[in-house]
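Source file work.pdb; content: PDB, C-alpha atoms.
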ATOM      1  CA  MET A 984     137.653 133.326 101.047
ATOM      2  CA  GLU A 985     134.859 133.872 103.567
ATOM      3  CA  ALA A 986     133.963 130.843 105.699
ATOM      4  CA  ILE A 987     132.731 129.721 109.098
ATOM      5  CA  VAL A 988     135.353 127.678 110.960
ATOM      6  CA  TYR A 989     135.729 125.986 114.332
ATOM      7  CA  GLU A 990     138.895 124.646 115.935
ATOM      8  CA  GLU A 991     137.460 122.742 118.905
ATOM      9  CA  PHE A 992     134.259 120.979 119.887
ATOM     10  CA  GLY A 993     131.666 122.963 121.798
ATOM     11  CA  GLY A 994     128.603 125.169 121.631
ATOM     12  CA  PRO A 995     127.735 127.799 119.015
ATOM     13  CA  GLU A 996     130.400 130.079 120.480
ATOM     14  CA  VAL A 997     133.188 127.968 118.884
ATOM     15  CA  LEU A 998     132.030 129.025 115.397
ATOM     16  CA  ARG A 999     134.127 131.837 113.957
ATOM     17  CA  HIS A1000     133.458 133.941 110.876
ATOM     18  CA  ALA A1001     136.700 134.269 108.910
ATOM     19  CA  SER A1002     137.578 136.107 105.713
ATOM     20  CA  ASP A1003     141.103 134.741 105.174
ATOM     21  CA  VAL A1004     140.443 131.034 104.607
ATOM     22  CA  THR A1005     142.281 129.592 101.612
ATOM     23  CA  ALA A1006     139.884 128.616  98.839
ATOM     24  CA  PRO A1007     140.043 124.856  98.090
ATOM     25  CA  GLU A1008     141.147 123.484  94.722
ATOM     26  CA  PRO A1009     139.327 120.628  92.971
ATOM     27  CA  GLY A1010     141.087 117.300  92.595
ATOM     28  CA  PRO A1011     140.422 114.533  90.054
ATOM     29  CA  GLY A1012     136.701 113.918  89.638
ATOM     30  CA  GLU A1013     135.798 116.995  91.680
ATOM     31  CA  VAL A1014     134.339 120.425  91.000
ATOM     32  CA  ARG A1015     134.650 123.664  92.913
ATOM     33  CA  VAL A1016     131.386 125.501  93.422
ATOM     34  CA  LYS A1017     130.775 129.157  94.215
ATOM     35  CA  VAL A1018     128.200 128.650  96.946
ATOM     36  CA  ALA A1019     124.855 130.423  96.624
ATOM     37  CA  ALA A1020     122.938 128.789  99.502
ATOM     38  CA  VAL A1021     123.640 126.332 102.318
ATOM     39  CA  GLY A1022     121.206 124.015 104.079
ATOM     40  CA  VAL A1023     121.519 123.912 107.886
ATOM     41  CA  ASN A1024     121.041 120.460 109.429
ATOM     42  CA  PRO A1025     121.002 119.002 112.953
ATOM     43  CA  LEU A1026     124.083 117.010 111.956
ATOM     44  CA  ASP A1027     125.978 120.303 111.645
ATOM     45  CA  TRP A1028     125.716 121.086 115.353
ATOM     46  CA  LYS A1029     125.990 117.451 116.414
ATOM     47  CA  ARG A1030     129.368 117.355 114.648
ATOM     48  CA  ARG A1031     130.290 120.679 116.259
ATOM     49  CA  TYR A1032     129.725 119.100 119.675
ATOM     50  CA  GLY A1033     131.775 116.033 118.675
ATOM     51  CA  TRP A1034     128.822 113.699 119.190
ATOM     52  CA  VAL A1035     129.073 111.775 115.909
ATOM     53  CA  GLU A1036     132.814 111.237 115.496
ATOM     54  CA  GLU A1037     132.210 107.514 115.004
ATOM     55  CA  PHE A1038     130.445 108.274 111.724
ATOM     56  CA  TYR A1039     131.888 111.677 110.759
ATOM     57  CA  PRO A1040     135.442 112.192 112.072
ATOM     58  CA  THR A1041     136.567 115.827 112.291
ATOM     59  CA  THR A1042     139.873 117.391 111.277
ATOM     60  CA  PHE A1043     140.508 120.867 112.709
ATOM     61  CA  PRO A1044     140.165 123.585 111.626
ATOM     62  CA  ALA A1045     136.787 122.480 110.314
ATOM     63  CA  VAL A1046     134.190 124.167 108.108
ATOM     64  CA  PRO A1047     130.632 123.000 108.908
ATOM     65  CA  GLY A1048     127.935 122.089 106.466
ATOM     66  CA  LEU A1049     126.977 119.260 104.135
ATOM     67  CA  GLU A1050     124.584 120.530 101.478
ATOM     68  CA  PHE A1051     124.711 123.486  99.132
ATOM     69  CA  SER A1052     123.646 124.948  95.823
ATOM     70  CA  GLY A1053     125.789 127.125  93.595
ATOM     71  CA  THR A1054     127.638 127.587  90.309
ATOM     72  CA  VAL A1055     130.545 125.446  89.121
ATOM     73  CA  ASP A1056     133.636 127.647  89.328
ATOM     74  CA  ALA A1057     136.422 125.192  88.460
ATOM     75  CA  ILE A1058     136.651 121.544  87.425
ATOM     76  CA  GLY A1059     139.177 118.863  88.277
ATOM     77  CA  GLU A1060     140.847 116.334  86.026
ATOM     78  CA  GLY A1061     138.498 113.787  84.516
ATOM     79  CA  VAL A1062     135.279 115.770  84.962
ATOM     80  CA  THR A1063     133.432 115.694  81.640
ATOM     81  CA  GLU A1064     129.732 115.881  82.538
ATOM     82  CA  LEU A1065     129.922 119.374  84.077
ATOM     83  CA  ALA A1066     131.367 122.691  82.946
ATOM     84  CA  VAL A1067     132.228 126.018  84.522
ATOM     85  CA  GLY A1068     129.013 128.021  84.859
ATOM     86  CA  ASP A1069     126.683 125.050  85.449
ATOM     87  CA  GLU A1070     124.188 125.553  88.275
ATOM     88  CA  VAL A1071     124.291 122.571  90.630
ATOM     89  CA  PHE A1072     123.420 121.347  94.104
ATOM     90  CA  GLY A1073     124.620 118.486  96.250
ATOM     91  CA  TRP A1074     127.066 117.561  99.023
ATOM     92  CA  THR A1075     130.419 119.140  99.737
ATOM     93  CA  LYS A1076     133.639 117.417 100.813
ATOM     94  CA  THR A1077     135.175 120.550 102.336
ATOM     95  CA  GLY A1078     132.295 122.187 104.260
ATOM     96  CA  ALA A1079     129.392 124.201 102.874
ATOM     97  CA  TYR A1080     129.534 127.206 105.230
ATOM     98  CA  ALA A1081     131.925 128.942 102.842
ATOM     99  CA  ALA A1082     132.138 131.033  99.710
ATOM    100  CA  TYR A1083     133.566 128.076  97.766
ATOM    101  CA  ALA A1084     133.248 124.319  98.292
ATOM    102  CA  ILE A1085     134.540 121.128  96.697
ATOM    103  CA  ALA A1086     132.140 118.375  95.668
ATOM    104  CA  ASP A1087     131.938 115.201  93.624
ATOM    105  CA  THR A1088     128.281 114.315  94.196
ATOM    106  CA  VAL A1089     126.112 116.955  92.551
ATOM    107  CA  ALA A1090     123.164 117.266  90.182
ATOM    108  CA  ARG A1091     122.133 120.090  87.905
ATOM    109  CA  LYS A1092     119.700 122.571  89.417
ATOM    110  CA  PRO A1093     116.474 122.951  87.431
ATOM    111  CA  ALA A1094     115.963 126.514  86.211
ATOM    112  CA  GLY A1095     112.652 126.781  88.059
ATOM    113  CA  LEU A1096     114.105 125.861  91.436
ATOM    114  CA  SER A1097     115.489 128.579  93.720
ATOM    115  CA  TRP A1098     118.973 128.391  95.229
ATOM    116  CA  GLU A1099     117.428 128.124  98.697
ATOM    117  CA  HIS A1100     115.136 125.245  97.786
ATOM    118  CA  ALA A1101     117.865 123.396  95.874
ATOM    119  CA  ALA A1102     120.205 123.606  98.873
ATOM    120  CA  SER A1103     117.452 122.133 101.063
ATOM    121  CA  ILE A1104     117.057 118.920  99.064
ATOM    122  CA  PRO A1105     120.237 116.803  99.395
ATOM    123  CA  VAL A1106     120.202 115.732 103.049
ATOM    124  CA  ALA A1107     116.437 115.488 103.563
ATOM    125  CA  GLY A1108     115.846 113.959 100.154
ATOM    126  CA  GLU A1109     118.599 111.341 100.222
ATOM    127  CA  THR A1110     117.853 110.417 103.842
ATOM    128  CA  SER A1111     114.144 110.006 103.118
ATOM    129  CA  ARG A1112     114.697 107.843 100.052
ATOM    130  CA  ARG A1113     117.329 105.721 101.798
ATOM    131  CA  VAL A1114     115.283 105.023 104.929
ATOM    132  CA  LEU A1115     112.039 104.371 103.070
ATOM    133  CA  GLU A1116     113.872 101.809 100.930
ATOM    134  CA  LEU A1117     115.435 100.210 104.015
ATOM    135  CA  LEU A1118     111.968  99.897 105.542
ATOM    136  CA  GLY A1119     110.492  98.577 102.315
ATOM    137  CA  VAL A1120     107.135 100.281 102.838
ATOM    138  CA  THR A1121     104.701  99.659 100.006
ATOM    139  CA  ARG A1122     101.257 100.766  98.861
ATOM    140  CA  GLY A1123      98.577  99.906 101.395
ATOM    141  CA  GLU A1124     100.915  99.744 104.396
ATOM    142  CA  THR A1125     100.961 102.139 107.336
ATOM    143  CA  LEU A1126     104.085 104.059 108.361
ATOM    144  CA  LEU A1127     104.581 105.763 111.713
ATOM    145  CA  LEU A1128     106.852 108.761 111.152
ATOM    146  CA  HIS A1129     108.328 110.440 114.216
ATOM    147  CA  GLY A1130     109.261 114.093 113.656
ATOM    148  CA  ALA A1131     107.024 114.355 110.620
ATOM    149  CA  ALA A1132     107.030 118.170 110.495
ATOM    150  CA  GLY A1133     110.826 118.504 110.377
ATOM    151  CA  ALA A1134     112.833 118.952 107.190
ATOM    152  CA  VAL A1135     113.498 115.214 106.742
ATOM    153  CA  GLY A1136     110.101 114.147 108.056
ATOM    154  CA  ALA A1137     108.161 116.386 105.689
ATOM    155  CA  VAL A1138     109.991 115.073 102.634
ATOM    156  CA  ALA A1139     109.682 111.447 103.771
ATOM    157  CA  ALA A1140     105.984 111.930 104.442
ATOM    158  CA  GLN A1141     105.327 113.288 100.974
ATOM    159  CA  LEU A1142     107.278 110.522  99.247
ATOM    160  CA  ALA A1143     105.477 107.852 101.260
ATOM    161  CA  VAL A1144     102.015 109.340 100.703
ATOM    162  CA  ALA A1145     102.722 109.604  96.964
ATOM    163  CA  ALA A1146     103.604 105.889  96.988
ATOM    164  CA  GLY A1147     100.216 104.990  98.466
ATOM    165  CA  VAL A1148     101.412 104.526 102.050
ATOM    166  CA  THR A1149      99.238 105.688 104.965
ATOM    167  CA  VAL A1150     101.415 107.958 107.106
ATOM    168  CA  VAL A1151     100.767 108.685 110.785
ATOM    169  CA  GLY A1152     103.089 111.489 111.829
ATOM    170  CA  THR A1153     104.073 112.728 115.281
ATOM    171  CA  ALA A1154     104.423 116.473 115.743
ATOM    172  CA  SER A1155     103.451 119.283 118.083
ATOM    173  CA  GLU A1156      99.834 120.357 117.677
ATOM    174  CA  ARG A1157     100.812 123.654 116.072
ATOM    175  CA  ASN A1158     102.091 121.619 113.091
ATOM    176  CA  HIS A1159      99.069 119.370 112.667
ATOM    177  CA  ASP A1160      97.377 121.461 109.972
ATOM    178  CA  PHE A1161     100.675 121.496 108.048
ATOM    179  CA  LEU A1162     100.834 117.700 108.188
ATOM    180  CA  ARG A1163      97.221 117.311 107.112
ATOM    181  CA  ALA A1164      98.042 119.429 104.059
ATOM    182  CA  LEU A1165     100.734 116.869 103.194
ATOM    183  CA  GLY A1166      98.268 113.998 103.497
ATOM    184  CA  VAL A1167      99.535 112.859 106.894
ATOM    185  CA  ILE A1168      97.402 111.779 109.874
ATOM    186  CA  PRO A1169      98.896 113.869 112.717
ATOM    187  CA  VAL A1170      99.242 112.762 116.328
ATOM    188  CA  ALA A1171     100.731 114.670 119.250
ATOM    189  CA  TYR A1172     103.849 113.233 120.828
ATOM    190  CA  GLY A1173     104.271 112.740 124.568
ATOM    191  CA  GLU A1174     102.573 110.572 127.170
ATOM    192  CA  GLY A1175      99.837 108.360 125.729
ATOM    193  CA  LEU A1176     101.359 108.339 122.229
ATOM    194  CA  ALA A1177     100.790 104.626 121.684
ATOM    195  CA  ASP A1178      97.069 104.973 122.337
ATOM    196  CA  ARG A1179      96.804 107.971 120.009
ATOM    197  CA  VAL A1180      98.581 106.080 117.237
ATOM    198  CA  ARG A1181      96.276 103.080 117.685
ATOM    199  CA  ALA A1182      93.254 105.378 117.450
ATOM    200  CA  ALA A1183      94.636 107.036 114.312
ATOM    201  CA  ALA A1184      95.604 103.729 112.714
ATOM    202  CA  PRO A1185      93.313 100.959 114.019
ATOM    203  CA  GLN A1186      94.654  98.740 111.227
ATOM    204  CA  GLY A1187      98.029  98.778 112.969
ATOM    205  CA  VAL A1188     101.479 100.070 112.059
ATOM    206  CA  ASP A1189     103.718  98.184 109.617
ATOM    207  CA  ALA A1190     106.944 100.201 109.897
ATOM    208  CA  VAL A1191     108.477 103.108 111.819
ATOM    209  CA  PHE A1192     110.748 105.902 110.559
ATOM    210  CA  ASP A1193     112.227 107.813 113.490
ATOM    211  CA  ALA A1194     113.432 111.288 112.528
ATOM    212  CA  ALA A1195     112.992 112.699 116.046
ATOM    213  CA  GLY A1196     115.001 110.580 118.467
ATOM    214  CA  HIS A1197     113.344 111.729 121.694
ATOM    215  CA  ASP A1198     112.383 108.532 123.574
ATOM    216  CA  THR A1199     110.646 107.267 120.442
ATOM    217  CA  LEU A1200     112.091 103.770 120.222
ATOM    218  CA  PRO A1201     110.337 101.990 123.138
ATOM    219  CA  VAL A1202     106.870 103.087 122.010
ATOM    220  CA  SER A1203     107.744 102.164 118.418
ATOM    221  CA  ILE A1204     108.714  98.661 119.479
ATOM    222  CA  GLU A1205     105.488  98.393 121.485
ATOM    223  CA  LEU A1206     103.391  99.394 118.476
ATOM    224  CA  LEU A1207     105.106  96.735 116.336
ATOM    225  CA  GLY A1208     104.389  94.026 118.889
ATOM    226  CA  GLY A1209     107.963  93.801 120.118
ATOM    227  CA  GLU A1210     109.515  93.472 116.655
ATOM    228  CA  THR A1211     112.387  95.758 115.589
ATOM    229  CA  ALA A1212     113.156  94.659 112.015
ATOM    230  CA  ARG A1213     111.084  97.434 110.415
ATOM    231  CA  ILE A1214     112.177 100.322 112.602
ATOM    232  CA  VAL A1215     114.902 102.672 111.378
ATOM    233  CA  THR A1216     116.148 105.760 113.186
ATOM    234  CA  ILE A1217     118.310 108.630 112.010
ATOM    235  CA  ALA A1218     118.221 110.431 115.354
ATOM    236  CA  ALA A1219     118.364 108.060 118.348
ATOM    237  CA  PRO A1220     121.955 107.484 119.526
ATOM    238  CA  ASP A1221     120.863 104.500 121.647
ATOM    239  CA  ALA A1222     119.466 102.589 118.652
ATOM    240  CA  ALA A1223     121.853  99.651 119.098
ATOM    241  CA  ASP A1224     120.696  99.210 122.694
ATOM    242  CA  HIS A1225     117.225  98.439 121.345
ATOM    243  CA  GLY A1226     118.395  96.292 118.435
ATOM    244  CA  ILE A1227     117.321  98.953 115.949
ATOM    245  CA  VAL A1228     119.103 100.107 112.785
ATOM    246  CA  PHE A1229     120.663 103.575 112.908
ATOM    247  CA  SER A1230     120.979 104.790 109.332
ATOM    248  CA  GLY A1231     123.578 107.501 108.954
ATOM    249  CA  VAL A1232     125.571 106.582 105.850
ATOM    250  CA  THR A1233     124.673 107.906 102.405
ATOM    251  CA  VAL A1234     124.276 105.685  99.354
ATOM    252  CA  GLU A1235     126.859 105.429  96.589
ATOM    253  CA  ALA A1236     127.463 108.566  94.533
ATOM    254  CA  ALA A1237     125.784 107.388  91.312
ATOM    255  CA  THR A1238     122.571 106.521  93.132
ATOM    256  CA  ALA A1239     122.685 109.783  95.075
ATOM    257  CA  ARG A1240     123.018 111.825  91.872
ATOM    258  CA  THR A1241     120.032 110.045  90.359
ATOM    259  CA  TRP A1242     117.928 110.622  93.455
ATOM    260  CA  LEU A1243     118.916 114.294  93.626
ATOM    261  CA  ALA A1244     117.906 114.864  90.008
ATOM    262  CA  GLU A1245     114.556 113.121  90.539
ATOM    263  CA  LEU A1246     113.791 115.034  93.739
ATOM    264  CA  ALA A1247     114.746 118.372  92.195
ATOM    265  CA  ALA A1248     112.477 117.716  89.220
ATOM    266  CA  LEU A1249     109.638 116.897  91.622
ATOM    267  CA  ALA A1250     110.224 120.077  93.610
ATOM    268  CA  ALA A1251     110.523 122.266  90.516
ATOM    269  CA  GLY A1252     107.263 120.824  89.174
ATOM    270  CA  GLY A1253     105.338 121.323  92.403
ATOM    271  CA  GLY A1254     105.261 117.645  93.344
ATOM    272  CA  LEU A1255     107.446 118.059  96.420
ATOM    273  CA  ARG A1256     106.849 120.842  98.915
ATOM    274  CA  ILE A1257     109.902 122.260 100.667
ATOM    275  CA  ASP A1258     109.262 125.009 103.196
ATOM    276  CA  ILE A1259     112.003 127.520 103.979
ATOM    277  CA  ALA A1260     111.657 128.509 107.628
ATOM    278  CA  GLU A1261     114.240 131.310 107.629
ATOM    279  CA  THR A1262     117.376 132.496 105.856
ATOM    280  CA  PHE A1263     120.498 133.993 107.446
ATOM    281  CA  PRO A1264     123.664 135.636 106.166
ATOM    282  CA  LEU A1265     126.667 133.332 106.494
ATOM    283  CA  LYS A1266     128.148 135.337 109.369
ATOM    284  CA  GLU A1267     125.057 134.472 111.467
ATOM    285  CA  ALA A1268     125.667 130.730 111.213
ATOM    286  CA  ALA A1269     125.869 130.360 114.994
ATOM    287  CA  ARG A1270     122.380 131.845 115.376
ATOM    288  CA  ALA A1271     121.028 129.502 112.695
ATOM    289  CA  GLN A1272     122.534 126.480 114.443
ATOM    290  CA  GLU A1273     121.109 127.590 117.787
ATOM    291  CA  LEU A1274     117.656 127.788 116.215
ATOM    292  CA  SER A1275     118.099 124.345 114.663
ATOM    293  CA  GLU A1276     119.205 122.948 118.012
ATOM    294  CA  SER A1277     116.087 124.319 119.714
ATOM    295  CA  GLY A1278     114.054 121.671 117.889
ATOM    296  CA  HIS A1279     111.177 124.051 117.167
ATOM    297  CA  VAL A1280     111.747 124.726 113.476
ATOM    298  CA  ARG A1281     109.273 123.707 110.794
ATOM    299  CA  GLY A1282     110.927 123.787 107.423
ATOM    300  CA  LYS A1283     114.480 124.492 106.401
ATOM    301  CA  LEU A1284     117.046 126.964 107.731
ATOM    302  CA  VAL A1285     119.307 128.313 104.981
ATOM    303  CA  LEU A1286     122.528 130.321 105.011
ATOM    304  CA  LEU A1287     123.333 132.764 102.193
ATOM    305  CA  PRO A1288     127.087 133.434 101.709
TER     306      PRO A1288
END
Structure translated into structure tokens:
Amino acid sequence: MEAIVYEEFGGPEVLRHASDVTAPEPGPGEVRVKVAAVGVNPLDWKRRYGWVEEFYPTTFPAVPGLEFSGTVDAIGEGVTELAVGDEVFGWTKTGAYAAYAIADTVARKPAGLSWEHAASIPVAGETSRRVLELLGVTRGETLLLHGAAGAVGAVAAQLAVAAGVTVVGTASERNHDFLRALGVIPVAYGEGLADRVRAAAPQGVDAVFDAAGHDTLPVSIELLGGETARIVTIAAPDAADHGIVFSGVTVEAATARTWLAELAALAAGGGLRIDIAETFPLKEAARAQELSESGHVRGKLVLLP
């Protein structure tokens, strides 16, 4: 089958487009999916560099990619809730940058949701739900969201706003109108951030969700009066040095499936906005990862096998 593979850690140049990769076979409890779309995530290139081996160990040759949408092509022993031909989306166990992928955590794709949008939900949606629950933000509280215009940030912002939470979101000024449209109070990052946040939220900040990871933790601690219990990061590798939780592990499969179905229904019904920044053919995966790594993407990058 067609796939993107890499056999050593490094930059985008280690990614190789191959057409002779053996298609995987589903085991017990698994399905094989003919991939229609693949979501590109920062974790993809962080794994390619070998930066997150502690959480996501790599076996070479490796196929990148976590999230996908597609059609069930084969089912393993014990699978009763899905059938060949079902349209699904979720996480893969074998790498999503491929024509076929194996998965055991999927949900059915609503008919009104495109392949591209379905493939953009799993990582951003699950991460947003997980971190917001860890933080325990509730109606009437104020959340500071670093990286609010990114794929994860935009989903988290919408879920929080819908729950009655006031969201102050950091982003470059070119993304401020986008954030306002989501119901977020935008502030520019950089020097003087603490003062800008205080001006935007004179009532104070109750919790911090860091989806950016660029020197965000010290100012977050300052804004919470030195407390760290209600700060969670998904992007700062030095979180432990500050006594802050780094959340990088997904929830159990049953919960994830439920969340995926709920988020997809929201998106299909217009209650969750997911912007697609750009799509690429699978063979241009290296270019897509380079763009993701630049940090200047608003919305989701998607590969189309």
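Within the file as shown, the PyMOL selection byres ((chain A and resi 1106) around 10) identifies A:Gly1022, A:Val1023, A:Asn1024, A:Leu1026, A:Leu1049, A:Glu1050, A:Phe1051, A:Gly1073, A:Trp1074, A:Ala1102, A:Ser1103, A:Ile1104, A:Pro1105, A:Ala1107, A:Gly1108, A:Glu1109, A:Thr1110, A:Ser1111, A:Ala1134, A:Val1135, A:Thr1233, A:Leu1243.
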Gap from CA of Val1188 (chain A) to CA of Ala1250 (chain A) - Å, one decimal: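 That distance, rounded to one decimal, is 28.6 Å.
Here the question is which of A:Ala1218, A:Asp1189, A:Val1150, A:Ala1137 gets nearest to Val1280 (chain A) using only C-alpha atoms, and that residue is A:Ala1137.
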Which residues of region 1165-1270 of chain A come within 10 Å of region 1076-1084 of chain A, and what is each one's closest atom pair and distance in Å (one decimal), counting all atoms listed in the file, sorted by chain and residue number, as a Markdown table?
| residue | atom | partner | partner_atom | distance |
| --- | --- | --- | --- | --- |
| A:Leu1265 | CA | A:Tyr1080 | CA | 6.9 |
| A:Lys1266 | CA | A:Tyr1080 | CA | 9.2 |
| A:Ala1268 | CA | A:Tyr1080 | CA | 7.9 |
Write out, as a PDB file, in the coordinates of the input, the residues just selected, with C-alpha atoms.
ATOM      1  CA  LEU A1265     126.667 133.332 106.494  1.00  0.00           C
ATOM      2  CA  LYS A1266     128.148 135.337 109.369  1.00  0.00           C
ATOM      3  CA  ALA A1268     125.667 130.730 111.213  1.00  0.00           C
TER       4      ALA A1268
END
Each residue of region 1188-1260 of chain A lying at most 8 Å from region 1160-1179 of chain A should get a row with its shortest atom-to-atom pair and the distance in Å to one decimal, counting all atoms listed in the file; could you produce that, ordered by chain and increasing number, as CSV?
residue,atom,partner,partner_atom,distance
A:Val1202,CA,A:Ala1177,CA,6.3
A:Glu1205,CA,A:Ala1177,CA,7.8
A:Leu1206,CA,A:Ala1177,CA,6.7
Explicit residue set for the PyMOL selection byres ((chain A and resi 1114-1122) around 7), as a PyMOL selection string: chain A and resi 1110-1113+1123-1124+1146-1148+1190+1213+1215
How far is it from CA of His1129 (chain A) to CA of Leu1246 (chain A), in Å with one decimal?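 Straight-line distance from CA of His1129 (chain A) to CA of Leu1246 (chain A) works out to 21.7 Å.
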Can you list, as a VMD selection string, the residues that the PyMOL selection byres ((chain A and resi 1034-1043) around 8) selects here? chain A and resid 989 to 991 1029 to 1033 1044 to 1045 1231 to 1232
Would you mind exporting C-alpha atoms of the selected residues as a JSON list (two decimals), in the frame of the given file?
[["chain", "number", "residue", "atom", "x", "y", "z"],
["A", 989, "TYR", "CA", 135.73, 125.99, 114.33],
["A", 990, "GLU", "CA", 138.90, 124.65, 115.94],
["A", 991, "GLU", "CA", 137.46, 122.74, 118.90],
["A", 1029, "LYS", "CA", 125.99, 117.45, 116.41],
["A", 1030, "ARG", "CA", 129.37, 117.36, 114.65],
["A", 1031, "ARG", "CA", 130.29, 120.68, 116.26],
["A", 1032, "TYR", "CA", 129.72, 119.10, 119.68],
["A", 1033, "GLY", "CA", 131.78, 116.03, 118.68],
["A", 1044, "PRO", "CA", 140.16, 123.58, 111.63],
["A", 1045, "ALA", "CA", 136.79, 122.48, 110.31],
["A", 1231, "GLY", "CA", 123.58, 107.50, 108.95],
["A", 1232, "VAL", "CA", 125.57, 106.58, 105.85]]
Counting only C-alpha atoms, note down every residue that has an atom within 7 Å of the point (110.6, 102.7, 118.3) (file coordinates), as a list in words.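 Using only C-alpha atoms, the matching residues come out as Val1191, Thr1199, Leu1200, Pro1201, Val1202, Ser1203, Ile1204 and Ile1214 of chain A.
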What is the distance, in Å and to one decimal place, between CA of Gly1187 (chain A) and CA of Leu1207 (chain A)?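 Computing the Euclidean distance for CA of Gly1187 (chain A) and CA of Leu1207 (chain A) yields 8.1 Å.
Each of A:Ala1086, A:Val1067, A:Ala1131, A:Leu1249 was compared to Gly1010 (chain A) using all atoms listed in the file, and A:Ala1086 turns out to be the nearest.
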Using all atoms listed in the file, which of A:Val1180, A:Ala1101, A:Ile1058, A:Leu1274 sits nearest Arg1015 (chain A)? A:Ile1058
Region 1149-1164 of chain A, all listed atoms, 4 Å padding on each side: what axis-aligned box centre and edge lengths in Å to one decimal come out, as lines of an AutoDock Vina configuration file?
center_x = 100.8
center_y = 114.7
center_z = 111.1
size_x = 15.2
size_y = 26.0
size_z = 22.0
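In this comparison, which uses all atoms listed in the file, the residue of A:Gly1254, A:Gly1048, A:Gly1136, A:Gly1059 approaching Thr1216 (chain A) most closely is A:Gly1136.
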